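Enquirer: Below is the file my_file-v3.txt, which contains compact mmCIF, C-alpha atoms.
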```
# COMPACT_ATOMS: atom_id res chain seq x y z
CA MET A 258 -37.26 20.56 -35.38
CA SER A 259 -36.15 21.78 -38.74
CA HIS A 260 -33.11 23.86 -39.65
CA SER A 261 -34.99 26.30 -41.79
CA ALA A 262 -33.52 29.39 -43.39
CA SER A 263 -33.59 32.59 -41.41
CA SER A 264 -33.23 36.26 -42.16
CA THR A 265 -32.38 37.18 -38.55
CA PRO A 266 -29.70 39.90 -38.52
CA TYR A 267 -26.67 39.68 -36.30
CA THR A 268 -23.86 41.93 -35.19
CA SER A 269 -20.24 41.12 -35.77
CA ILE A 270 -17.76 40.38 -33.03
CA ALA A 271 -16.60 43.98 -33.36
CA SER A 272 -19.50 44.91 -31.08
CA CYS A 273 -17.48 43.44 -28.21
CA GLY A 274 -14.93 46.25 -28.50
CA SER A 275 -11.29 45.45 -29.14
CA GLN A 276 -11.74 41.69 -29.50
CA ASP A 277 -9.20 40.52 -32.10
CA LYS A 278 -10.33 38.32 -34.97
CA LYS A 279 -9.00 34.79 -34.90
CA SER A 280 -6.66 33.55 -37.59
CA LYS A 281 -7.67 30.75 -39.93
CA GLU A 282 -5.33 28.46 -38.02
CA ASP A 283 -7.03 29.32 -34.73
CA LYS A 284 -10.41 28.46 -36.24
CA SER A 285 -9.40 25.09 -37.66
CA TYR A 286 -10.80 23.31 -34.59
CA LEU A 287 -14.23 24.79 -35.29
CA GLU A 288 -14.12 23.90 -38.96
CA ASP A 289 -13.59 20.30 -37.83
CA ALA A 290 -16.64 20.57 -35.59
CA VAL A 291 -18.76 22.01 -38.38
CA ASN A 292 -17.66 19.17 -40.63
CA GLY A 293 -18.50 16.56 -38.02
CA ASP A 294 -15.07 15.94 -36.45
CA LYS A 295 -15.60 16.38 -32.73
CA GLY A 296 -12.34 15.04 -31.45
CA ASP A 297 -10.48 15.64 -28.22
CA GLY A 298 -8.62 18.80 -29.24
CA TYR A 299 -10.93 21.36 -27.68
CA SER A 300 -10.13 21.10 -23.98
CA ASP A 301 -8.04 19.53 -21.31
CA ASP A 302 -9.35 16.95 -18.86
CA GLU A 303 -10.63 19.39 -16.28
CA ASP A 304 -14.27 19.07 -15.26
CA ASP A 305 -16.20 22.24 -14.45
CA ASP A 306 -19.95 22.28 -14.08
CA GLY A 307 -19.91 26.08 -14.13
CA PRO A 308 -22.10 28.41 -12.11
CA THR A 309 -25.82 28.87 -12.54
CA GLU A 310 -27.63 32.08 -11.66
CA HIS A 311 -30.92 33.85 -12.43
CA VAL A 312 -32.19 32.58 -9.09
CA ASP A 313 -33.12 34.24 -5.81
CA ASP A 314 -31.52 31.55 -3.70
CA ASP A 315 -28.14 30.16 -4.74
CA ASN A 316 -28.40 27.46 -2.08
CA ALA A 317 -31.71 26.30 -3.55
CA MET A 318 -30.13 26.06 -6.98
CA ALA A 319 -27.13 24.16 -5.62
CA MET A 320 -29.40 21.70 -3.84
CA ALA A 321 -31.52 21.19 -6.96
CA ILE A 322 -28.38 20.53 -9.02
CA GLU A 323 -27.01 18.05 -6.50
CA ALA A 324 -30.34 16.23 -6.26
CA THR A 325 -30.48 15.97 -10.05
CA LYS A 326 -26.89 14.71 -10.19
CA LYS A 327 -27.74 12.03 -7.65
CA PHE A 328 -30.82 11.01 -9.61
CA LEU A 329 -28.76 10.67 -12.79
CA SER A 330 -26.12 8.65 -10.95
CA ASP A 331 -28.65 6.36 -9.28
CA ASN A 332 -30.77 5.96 -12.43
CA PRO A 333 -28.41 5.67 -15.41
CA ASP A 334 -31.14 4.16 -17.57
CA ALA A 335 -33.80 6.77 -16.76
CA SER A 336 -35.81 7.96 -19.74
CA PRO A 337 -35.67 11.58 -20.94
CA SER A 338 -39.23 12.03 -19.67
CA ALA A 339 -38.32 10.74 -16.21
CA ILE A 340 -35.24 12.95 -16.04
CA ALA A 341 -37.18 16.01 -17.18
CA GLU A 342 -39.85 15.28 -14.58
CA LYS A 343 -37.19 15.07 -11.88
CA VAL A 344 -35.72 18.42 -12.97
CA VAL A 345 -39.15 20.06 -12.93
CA ASN A 346 -39.88 18.65 -9.48
CA GLU A 347 -36.57 19.98 -8.14
CA GLN A 348 -37.18 23.40 -9.69
CA MET A 349 -40.66 23.66 -8.20
CA ALA A 350 -39.71 22.25 -4.79
CA SER A 351 -36.86 24.76 -4.57
CA GLY A 352 -39.08 27.69 -5.48
CA LEU A 353 -36.95 28.51 -8.51
CA LYS A 354 -38.13 30.14 -11.72
CA SER A 355 -39.43 28.05 -14.61
CA GLN A 356 -36.45 28.90 -16.84
CA ASP A 357 -34.08 27.59 -14.19
CA LYS A 358 -34.97 24.06 -15.23
CA ILE A 359 -32.47 24.17 -18.07
CA HIS A 360 -29.78 25.68 -15.85
CA ILE A 361 -30.30 22.89 -13.32
CA PHE A 362 -30.04 20.20 -15.95
CA ILE A 363 -26.99 21.56 -17.78
CA SER A 364 -25.12 22.06 -14.50
CA ALA A 365 -26.06 18.58 -13.31
CA SER A 366 -25.35 16.64 -16.49
CA PHE A 367 -22.64 18.45 -18.48
CA THR A 368 -18.93 18.86 -17.91
CA ILE A 369 -16.47 21.06 -19.75
CA ASP A 370 -15.16 18.02 -21.68
CA PHE A 371 -18.68 17.17 -22.87
CA PHE A 372 -17.41 16.21 -26.33
CA LYS A 373 -15.21 13.43 -24.96
CA HIS A 374 -18.15 11.75 -23.25
CA LYS A 375 -20.73 12.43 -25.98
CA GLN A 376 -22.89 14.29 -23.48
CA VAL A 377 -24.74 16.30 -26.13
CA PRO A 378 -26.20 13.34 -28.05
CA THR A 379 -26.83 11.54 -24.76
CA HIS A 380 -28.75 14.39 -23.16
CA ALA A 381 -30.32 16.06 -26.21
CA PRO A 382 -33.66 14.22 -25.80
CA THR A 383 -33.94 15.47 -22.22
CA ILE A 384 -33.02 19.01 -23.25
CA ALA A 385 -35.80 18.86 -25.84
CA LYS A 386 -38.27 17.77 -23.15
CA ILE A 387 -37.25 20.69 -20.93
CA THR A 388 -37.08 23.47 -23.52
CA GLN A 389 -39.99 22.23 -25.67
CA GLY A 390 -38.62 24.23 -28.59
CA LYS A 391 -39.47 27.54 -26.93
CA ASN A 392 -37.26 30.48 -27.87
CA VAL A 393 -37.01 31.81 -24.31
CA MET A 394 -35.92 28.43 -22.99
CA GLU A 395 -33.39 28.05 -25.80
CA ARG A 396 -31.96 31.46 -24.91
CA HIS A 397 -31.54 30.22 -21.36
CA LEU A 398 -29.93 27.09 -22.80
CA ILE A 399 -27.31 29.28 -24.48
CA SER A 400 -26.90 31.17 -21.21
CA ALA A 401 -26.31 27.89 -19.37
CA CYS A 402 -23.74 26.94 -22.01
CA GLU A 403 -21.96 30.26 -21.42
CA GLY A 404 -21.93 29.49 -17.70
CA LEU A 405 -20.36 26.12 -18.40
CA CYS A 406 -17.73 27.30 -20.89
CA TYR A 407 -16.74 30.83 -19.86
CA ASP A 408 -13.22 29.64 -19.00
CA LYS A 409 -13.00 27.58 -22.21
CA PRO A 410 -14.53 29.79 -24.94
CA LYS A 411 -13.54 27.44 -27.77
CA ASN A 412 -15.66 24.74 -26.14
CA PHE A 413 -18.66 27.06 -26.14
CA ALA A 414 -18.60 27.31 -29.93
CA VAL A 415 -18.41 23.53 -30.27
CA LEU A 416 -21.22 23.08 -27.75
CA ILE A 417 -23.74 25.29 -29.51
CA LYS A 418 -22.83 23.69 -32.85
CA GLN A 419 -23.44 20.22 -31.43
CA LEU A 420 -26.73 21.32 -29.86
CA PHE A 421 -27.74 22.68 -33.26
CA ASP A 422 -26.76 19.39 -34.92
CA GLU A 423 -28.93 17.51 -32.41
CA GLU A 424 -31.83 19.84 -33.25
CA VAL A 425 -32.35 21.13 -29.72
CA LEU A 426 -31.06 24.64 -30.49
CA GLU A 427 -32.68 26.47 -33.39
CA GLU A 428 -30.78 28.48 -35.96
CA ASP A 429 -33.00 31.51 -35.30
CA THR A 430 -32.16 31.39 -31.60
CA ILE A 431 -28.42 31.27 -32.26
CA LEU A 432 -28.60 34.18 -34.69
CA GLU A 433 -30.78 36.18 -32.31
CA TRP A 434 -28.23 35.64 -29.54
CA ALA A 435 -25.39 36.52 -31.93
CA GLY A 436 -27.08 39.82 -32.85
CA GLU A 437 -27.28 41.03 -29.28
CA GLY A 438 -24.72 42.02 -26.72
CA ARG A 439 -25.04 41.42 -23.03
CA THR A 440 -28.67 40.82 -22.08
CA ASP A 441 -30.78 39.77 -19.12
CA TYR A 442 -30.12 36.19 -20.17
CA THR A 443 -26.38 36.57 -19.52
CA LEU A 444 -25.22 35.17 -16.19
CA GLU A 445 -23.69 37.69 -13.80
CA SER A 446 -20.73 35.34 -13.29
CA VAL A 447 -19.83 35.70 -16.97
CA ASP A 448 -17.91 38.95 -17.27
CA GLU A 449 -17.83 41.00 -20.45
CA ASP A 450 -14.40 39.83 -21.59
CA GLN A 451 -15.49 36.22 -21.19
CA ARG A 452 -18.76 36.84 -23.01
CA CYS A 453 -16.95 38.54 -25.88
CA SER A 454 -14.44 35.69 -26.11
CA MET A 455 -17.25 33.16 -26.45
CA ARG A 456 -19.03 35.35 -29.00
CA ALA A 457 -15.80 35.63 -31.01
CA GLU A 458 -15.21 31.88 -30.94
CA ALA A 459 -18.79 31.32 -32.10
CA GLU A 460 -18.40 33.64 -35.10
CA PRO A 461 -17.57 30.80 -37.54
CA VAL A 462 -20.78 29.03 -36.50
CA VAL A 463 -22.78 32.22 -37.04
CA VAL A 464 -21.18 32.84 -40.44
CA TRP A 465 -21.74 29.21 -41.43
CA LEU A 466 -25.44 29.50 -40.55
CA GLN A 467 -25.76 32.73 -42.51
CA GLU A 468 -24.02 31.24 -45.54
CA ASP A 469 -26.28 28.20 -45.35
CA ASP A 470 -29.27 30.56 -45.36
CA SER A 471 -27.94 32.34 -48.44
CA SER A 472 -27.48 29.04 -50.26
CA ASP A 473 -31.04 28.00 -49.41
CA GLU A 474 -32.41 31.32 -50.63
CA ASP A 475 -30.43 31.12 -53.88
CA SER A 476 -31.77 27.65 -54.58
CA ASP A 477 -35.42 28.75 -54.15
```
Could you show the structure in this file as structure tokens?
Expert:
Amino acid sequence: MSHSASSTPYTSIASCGSQDKKSKEDKSYLEDAVNGDKGDGYSDDEDDDGPTEHVDDDNAMAMAIEATKKFLSDNPDASPSAIAEKVVNEQMASGLKSQDKIHIFISASFTIDFFKHKQVPTHAPTIAKITQGKNVMERHLISACEGLCYDKPKNFAVLIKQLFDEEVLEEDTILEWAGEGRTDYTLESVDEDQRCSMRAEAEPVVVWLQEDDSSDEDSD
């Protein structure tokens, strides 16, 4: 998966209403993430798998998540292919939608302090197996990240940057998401204030991607 230049437009955080812009000091944590420093300064020690929706049966989703968690616990050395197959089997057995595969996996394998346990590099190969580089699945991946981080919006920005670094979340997908407001991808449990907070925290990532595009275009 390449990080190619993109001309995808995006809207500013002003589209979220009265959301205040962060100061340079407030954004220093994200600059560290962009530059490769993913230290422990983004969250406390609380674990929160976050809710997962876009399903007709919440109990079915909960059971699929728990079954996947158990599989991961019982099979710590399972390959990405084996894990992805387990997730697909749980999704199908539960009668859930195809896109729910990524929601199941993120809820089962990620915690809010993902950066402390290097969960992104650990699980990136499995994410790639599940999403297969498809835009729709990557949009649901962002949605699942919102569901995980809605109480910790700074962590959301770090998460999508790390997923981009691991080449399981395309630049075009991030910019497409950034250019839209609330959509059908957005979980119902994520209210508008929370969504706008995450969008605001992600603004430095969006700007960084756009500036990188401009540099690539200038060098052509």
Enquirer: Using only C-alpha atoms, can you tell me which of A:Ala321, A:Asp370, A:Ala385, A:Ile431 comes closest to Trp465 in chain A?
Expert: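 Selected residue with least distance to Trp465 in chain A: A:Ile431.
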Enquirer: Point out the residue among A:Lys411, A:Glu423, A:Leu416, A:Lys373 with the least atom-to-atom distance to Cys453 in chain A, counting all atoms listed in the file.
Expert: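 Comparing A:Lys411, A:Glu423, A:Leu416, A:Lys373 against Cys453 in chain A, the winner is A:Lys411.
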Enquirer: Enter the distance from CA of Glu323 in chain A to CA of Thr368 in chain A, in Å, rounded to one decimal.
Expert: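 Computing it gives 14.0 Å between the two atoms.
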Enquirer: Name the residues in contact with Val344 in chain A at a cut-off of 8 Å, using only C-alpha atoms, excluding same-chain residues fewer than 6 positions from it; report them as an mmCIF file with C-alpha atoms, keeping the file's coordinate frame.
Expert:
```
data_model
loop_
_atom_site.group_PDB
_atom_site.id
_atom_site.type_symbol
_atom_site.label_atom_id
_atom_site.label_comp_id
_atom_site.auth_asym_id
_atom_site.auth_seq_id
_atom_site.Cartn_x
_atom_site.Cartn_y
_atom_site.Cartn_z
ATOM 1 C CA ALA A 321 -31.520 21.190 -6.960
ATOM 2 C CA THR A 325 -30.480 15.970 -10.050
ATOM 3 C CA LYS A 358 -34.970 24.060 -15.230
ATOM 4 C CA ILE A 361 -30.300 22.890 -13.320
ATOM 5 C CA PHE A 362 -30.040 20.200 -15.950
#
```
Enquirer: Measuring between only C-alpha atoms, which one of A:Val415, A:Val464, A:Leu420, A:Ala339 shows the shortest distance to Gly436 in chain A?
Expert: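 Of A:Val415, A:Val464, A:Leu420, A:Ala339, the one nearest Gly436 in chain A, counting only C-alpha atoms, is A:Val464.
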Enquirer: Interatomic distance between CA of Asp334 in chain A and CA of Asp422 in chain A?
Expert: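 CA of Asp422 in chain A lies at a distance of 23.5 Å from CA of Asp334 in chain A.
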Enquirer: Would you kindly return, as a ChimeraX atom specification, each protein, DNA or RNA residue with an atom no farther than 10 Å from any atom of Arg439 in chain A, considering all atoms listed in the file and excluding same-chain residues fewer than 5 positions away?
Expert: /A:273,434,444,447-449,452-453
Enquirer: Using all atoms listed in the file, can you tell me which of A:Ile387, A:Ala435, A:Ala381, A:Ala317 comes closest to Lys343 in chain A?
Expert: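 Ranked by minimum distance to Lys343 in chain A, first place goes to A:Ile387.
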Enquirer: Go ahead and compute the interatomic distance for CA of Pro410 in chain A and CA of Glu460 in chain A, in Å to one decimal.
Expert: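 Calculated distance between CA of Pro410 in chain A and CA of Glu460 in chain A is 11.5 Å.
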Enquirer: Counting only C-alpha atoms, which of A:Asp408, A:Glu424, A:Glu458, A:Glu342 gets nearest to Ser446 in chain A?
Expert: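 Under the stated criterion, the closest residue is A:Asp408.
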Enquirer: Show me, as a list in words, the residues that have an atom within 9 Å of His380 in chain A when counting all atoms listed in the file, minus same-chain residues fewer than 6 positions from it.
Expert: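 Contacts, with the query itself left out: Pro337, Ser366 and Phe367 of chain A.
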Enquirer: Would you list the residues near (-35.3, 32.0, -30.6) (no more than 12 Å away, in the coordinates of the file, using all atoms listed in the file) as a ChimeraX atom specification?
Expert: /A:263,265,388-399,425-436
Enquirer: Between A:Ala324, A:Met318, A:Ala335, A:Ala365, which is the closest to Gly352 in chain A once you count all atoms listed in the file?
Expert: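 Under the stated criterion, the closest residue is A:Met318.
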Enquirer: Please return as a PyMOL selection string every residue within 8 Å of (-32.5, 26.6, -15.0), taking into account all atoms listed in the file and the file's own coordinates.
Expert: chain A and resi 309+311+348+354-363+397+401
